[in-house]
Amino acid sequence: MARGITVDWFLVRVNTVKRMLAVLAVVIVAAVVGFLAYNHFNPAPDVRARRAIHQAENTREQVLATEEAAAWQAEIETNNQVLEQAKTAYGEERWGEAQTLAEGATTRFATLLSRARGDTEGVGHFFSIEGRIPLQRAGKAEWKPAHVRMPVFNGDFVKTSRDGVAEILFVDGSLYRVGPNSLLEIHHQLMAEKPPGTVRMVVGRINVYTADSPSTVTTDVAEAEIRSRSNVAVDVDEEERATKVAAFEGSAKVRNLSGDEMVVQDREVVAATPDGTFSEKRKIPQPPLPIDPHNNAGFELAGDRIVRLSWQRPSPSNAVHLQVSRSQRFLEDQRDVDAPDLRKDTARLRAISPGTYFWRVATLDDEVMSEWSAIRRFRIFSTDRESLLQDETPPPLDVTPAQQMGHLFIVRGQTEPGATITINGEFVEVDGEGRFSKTVELGTLGWNRLVVAAVDPSGNRTERTERVYVEGVY
């Protein structure tokens, strides 16, 4: 029987030992670096919340170091309350809520920092632009095209063409949505004893969404002081020169040329006339609720050529204004249907040519018109294009975390070109590369959901949901 071989000692070259130790050291270092990197870029919920609170505290210290801090005590105190709510949520281990509140406080303090910088960075900037938007700088004669993120300064004039719509976001969180064929001059006060935001309207229409600060819109015949956390439209008629002020949410105090004042509350409208008088204050009806077809529905041109639209009116006595267009801007020369006095809840359209169509409705109550409903879209396709409907791959959808400005949330993202984007059911403009941005107003205090949905031309759907918190501070 063969004997086994027993070895109780062996030799290893010194160089081999060194190489083994070096490899082991590299592995340990790589593991430590990888672990630290993972924890840095994928922190635990409590770590994310703690970092957000520290960021808010650091931004607050920068605000307190400015010369303007003494004049902003009320706003700083409001922001401090939000920060304290974040700390309370953190102490109760509600990490997500703590992070959201802390990030909101950081945004509020950062807004004050922007105000402290004054005109070096402008009093606001263009948040979104559709169509042609010429801008004239204060003291300059030439007009030049505006672009997204371009700052605006006191004394600038902003003009929108017939196909132009612009959103201007001011440093106090107020958002001005400027409609087509409008002309306005920017005047934004940074002194505590004056209204923070002032715009002079020459002609056209703007919708003002205020955050925690009021804004003032002046015209040739009126001044409208729009209270905080309000949604108010100001419309200047080019021919009659009257100024109409409509409050869809919140309130506004309107002063006419005679010095008389009138307050419009939720869903009220009044007009100030050039002779120094007010019209009768009237109620604004609710817009109709679109029902069918569902958004992005498809209809085959070779089949039943009738497309049926339906909606629900606030009251059977109301009339409905229906518009159908191939442009989501509903330009006057691009409308396929413009029916201003429908007395029913349905409309039958005859399909003639393939394409993508947009439709919306508004309520008319004794000549007072509501705002437009959310825009819906449908497609008409021919049989030879039916293969397009065989796509079953949902569109990509990347959404960045929403930026909070009081009760307004700025949502940005990207999807595939040609897809439809909605946020909480409201249609969003998408550019040629699939990028989109939208300001969303949330009126419910506490936790809310932002539901972003992308639907491609074949009906495939991708959805992203974010929980956001609206503070109960007024």
# chains A, B, ... in the order shown; residues from 1 in each chain; ligands from 1
$ select_by_dssp --residues "region 165-308 of chain A" --states "strand (DSSP E)" --output "PyMOL selection string"
chain A and resi 165-170+175-178+183-188+197-209+215-218+222-226+231-236+243-249+252-256+261-264+268-272+282-283+289-292+297-300+306-308
$ residues_around --residues "Pro417 (chain A)" --least-positions-apart "6" --cutoff "9 Å" --atoms "only C-alpha atoms" --output "MDAnalysis selection string"
chainID A and resid 430:435 456
$ residues_around --residues "Asp266 (chain A)" --least-positions-apart "4" --cutoff "9 Å" --atoms "only C-alpha atoms" --output "list in words"
Ser230, Ala246, Ala247, Phe248, Glu249, Gly250, Ser251, Lys283 and Ile284 of chain A
$ closest_residue --among "A:Arg108, A:Arg227, A:Arg348, A:Arg48" --to "Glu77 (chain A)" --atoms "only C-alpha atoms"
A:Arg108
$ closest_residue --among "A:Phe109, A:Gly104, A:Ser258, A:Pro354" --to "Ala402 (chain A)" --atoms "only C-alpha atoms"
A:Gly104
$ atom_distance --atom1 "CA of Gln323 (chain A)" --atom2 "CA of Phe299 (chain A)"
18.6 Å
$ residues_around --residues "region 140-143 of chain A" --least-positions-apart "3" --cutoff "12 Å" --atoms "only C-alpha atoms" --output "list in words"
Arg132, Ile133, Pro134, Leu135, Gln136, Arg137, Ala146, Gly155, Asp156, Phe157, Val158, Lys159 and Thr160 of chain A
$ closest_residue --among "A:Ala166, A:Ile206, A:Ala453, A:Val411" --to "Asp235 (chain A)" --atoms "only C-alpha atoms"
A:Ile206
$ closest_residue --among "A:Ala74, A:Leu322, A:Ala297, A:Val337" --to "Gly459 (chain A)" --atoms "only C-alpha atoms"
A:Ala297
$ residues_around --residues "Ile129 (chain A)" --least-positions-apart "5" --cutoff "10 Å" --atoms "only C-alpha atoms" --output "JSON, numbers by chain"
{"A": [146, 147, 148, 149, 160, 164, 165, 166, 167, 168, 177, 178]}
$ write_last_selection --atoms "C-alpha atoms" --output "CSV table (one decimal), in the first residue's frame"
chain,number,residue,atom,x,y,z
A,146,ALA,CA,-36.7,85.9,-25.7
A,147,HIS,CA,-35.6,82.4,-24.7
A,148,VAL,CA,-36.2,80.1,-21.7
A,149,ARG,CA,-34.2,81.1,-18.6
A,160,THR,CA,-46.3,88.1,-27.4
A,164,GLY,CA,-47.0,83.4,-28.6
A,165,VAL,CA,-47.4,82.3,-24.9
A,166,ALA,CA,-44.9,82.9,-22.2
A,167,GLU,CA,-44.5,82.1,-18.5
A,168,ILE,CA,-42.4,84.5,-16.4
A,177,ARG,CA,-48.7,83.4,-17.8
A,178,VAL,CA,-48.9,85.9,-20.7
$ residues_around --residues "region 174-176 of chain A" --least-positions-apart "2" --cutoff "12 Å" --atoms "only C-alpha atoms" --output "PyMOL selection string"
chain A and resi 111+123-129+158+165-172+178-179+184+186+188+196-199+201+205-217+226-234+404-410+438-441
$ residues_around --residues "region 371-375 of chain A" --least-positions-apart "6" --cutoff "7 Å" --atoms "only C-alpha atoms" --output "number ranges by chain"
A: 287-289, 358-362, 426-427
$ write_last_selection --atoms "N, CA, C and O atoms" --output "tab-separated table (two decimals), in the first residue's frame"
chain	number	residue	atom	x	y	z
A	287	PRO	N	-65.81	75.36	-15.50
A	287	PRO	CA	-65.69	74.84	-16.87
A	287	PRO	C	-66.35	73.48	-17.00
A	287	PRO	O	-66.51	72.76	-16.01
A	288	PRO	N	-66.74	73.08	-18.20
A	288	PRO	CA	-67.30	71.73	-18.39
A	288	PRO	C	-66.24	70.67	-18.11
A	288	PRO	O	-65.03	70.93	-18.16
A	289	LEU	N	-66.70	69.46	-17.86
A	289	LEU	CA	-65.80	68.33	-17.62
A	289	LEU	C	-65.77	67.46	-18.87
A	289	LEU	O	-66.78	66.83	-19.22
A	358	PHE	N	-56.80	68.53	-31.33
A	358	PHE	CA	-56.94	68.91	-29.94
A	358	PHE	C	-58.32	69.55	-29.75
A	358	PHE	O	-58.81	70.26	-30.64
A	359	TRP	N	-58.94	69.32	-28.58
A	359	TRP	CA	-60.23	69.96	-28.32
A	359	TRP	C	-60.34	70.40	-26.88
A	359	TRP	O	-59.70	69.86	-25.98
A	360	ARG	N	-61.14	71.44	-26.66
A	360	ARG	CA	-61.37	71.99	-25.33
A	360	ARG	C	-62.75	72.64	-25.30
A	360	ARG	O	-63.31	72.97	-26.36
A	361	VAL	N	-63.28	72.84	-24.12
A	361	VAL	CA	-64.60	73.45	-23.95
A	361	VAL	C	-64.57	74.45	-22.80
A	361	VAL	O	-63.76	74.33	-21.87
A	362	ALA	N	-65.45	75.43	-22.87
A	362	ALA	CA	-65.62	76.42	-21.80
A	362	ALA	C	-67.11	76.66	-21.61
A	362	ALA	O	-67.92	76.44	-22.52
A	426	GLU	N	-53.88	67.10	-16.80
A	426	GLU	CA	-53.80	68.33	-17.58
A	426	GLU	C	-52.73	68.19	-18.67
A	426	GLU	O	-51.61	67.77	-18.41
A	427	PHE	N	-53.11	68.55	-19.89
A	427	PHE	CA	-52.22	68.41	-21.03
A	427	PHE	C	-50.99	69.30	-20.89
A	427	PHE	O	-51.08	70.44	-20.43
$ select_by_dssp --residues "region 271-462 of chain A" --states "helix (DSSP H, G or I)" --output "ChimeraX atom specification"
/A:332-334,383-390
$ write_last_selection --atoms "N, CA, C and O atoms" --output "PDB file, in the first residue's frame"
ATOM      1  N   GLU A 332     -56.334  81.303 -34.231  1.00  0.00           N
ATOM      2  CA  GLU A 332     -57.588  81.633 -34.917  1.00  0.00           C
ATOM      3  C   GLU A 332     -57.654  81.013 -36.312  1.00  0.00           C
ATOM      4  O   GLU A 332     -58.704  80.528 -36.728  1.00  0.00           O
ATOM      5  N   ASP A 333     -56.549  81.040 -37.046  1.00  0.00           N
ATOM      6  CA  ASP A 333     -56.568  80.523 -38.419  1.00  0.00           C
ATOM      7  C   ASP A 333     -56.249  79.034 -38.485  1.00  0.00           C
ATOM      8  O   ASP A 333     -56.072  78.491 -39.576  1.00  0.00           O
ATOM      9  N   GLN A 334     -56.162  78.362 -37.337  1.00  0.00           N
ATOM     10  CA  GLN A 334     -55.868  76.930 -37.318  1.00  0.00           C
ATOM     11  C   GLN A 334     -56.963  76.126 -36.618  1.00  0.00           C
ATOM     12  O   GLN A 334     -56.760  74.962 -36.279  1.00  0.00           O
ATOM     13  N   THR A 383     -56.168  53.546 -43.083  1.00  0.00           N
ATOM     14  CA  THR A 383     -55.902  52.115 -42.991  1.00  0.00           C
ATOM     15  C   THR A 383     -54.452  51.781 -43.285  1.00  0.00           C
ATOM     16  O   THR A 383     -53.854  50.911 -42.659  1.00  0.00           O
ATOM     17  N   ASP A 384     -53.838  52.485 -44.232  1.00  0.00           N
ATOM     18  CA  ASP A 384     -52.469  52.159 -44.597  1.00  0.00           C
ATOM     19  C   ASP A 384     -51.482  52.541 -43.509  1.00  0.00           C
ATOM     20  O   ASP A 384     -50.302  52.234 -43.611  1.00  0.00           O
ATOM     21  N   ARG A 385     -51.939  53.218 -42.474  1.00  0.00           N
ATOM     22  CA  ARG A 385     -51.066  53.568 -41.360  1.00  0.00           C
ATOM     23  C   ARG A 385     -51.403  52.755 -40.115  1.00  0.00           C
ATOM     24  O   ARG A 385     -50.920  53.038 -39.030  1.00  0.00           O
ATOM     25  N   GLU A 386     -52.251  51.721 -40.296  1.00  0.00           N
ATOM     26  CA  GLU A 386     -52.697  50.941 -39.153  1.00  0.00           C
ATOM     27  C   GLU A 386     -51.545  50.245 -38.453  1.00  0.00           C
ATOM     28  O   GLU A 386     -51.610  49.973 -37.262  1.00  0.00           O
ATOM     29  N   SER A 387     -50.460  49.963 -39.191  1.00  0.00           N
ATOM     30  CA  SER A 387     -49.333  49.268 -38.576  1.00  0.00           C
ATOM     31  C   SER A 387     -48.728  50.051 -37.437  1.00  0.00           C
ATOM     32  O   SER A 387     -48.080  49.489 -36.563  1.00  0.00           O
ATOM     33  N   LEU A 388     -48.936  51.361 -37.440  1.00  0.00           N
ATOM     34  CA  LEU A 388     -48.412  52.172 -36.350  1.00  0.00           C
ATOM     35  C   LEU A 388     -49.014  51.769 -35.015  1.00  0.00           C
ATOM     36  O   LEU A 388     -48.432  51.996 -33.961  1.00  0.00           O
ATOM     37  N   LEU A 389     -50.193  51.164 -35.042  1.00  0.00           N
ATOM     38  CA  LEU A 389     -50.875  50.828 -33.803  1.00  0.00           C
ATOM     39  C   LEU A 389     -50.365  49.518 -33.199  1.00  0.00           C
ATOM     40  O   LEU A 389     -50.785  49.130 -32.122  1.00  0.00           O
ATOM     41  N   GLN A 390     -49.459  48.807 -33.903  1.00  0.00           N
ATOM     42  CA  GLN A 390     -48.979  47.535 -33.396  1.00  0.00           C
ATOM     43  C   GLN A 390     -47.858  47.692 -32.370  1.00  0.00           C
ATOM     44  O   GLN A 390     -47.413  46.725 -31.780  1.00  0.00           O
TER      45      GLN A 390
END
$ atom_distance --atom1 "CA of Glu300 (chain A)" --atom2 "CA of Thr462 (chain A)"
23.9 Å
$ closest_residue --among "A:Ala71, A:Ala319, A:Ala302, A:Val221" --to "Ala271 (chain A)" --atoms "only C-alpha atoms"
A:Val221
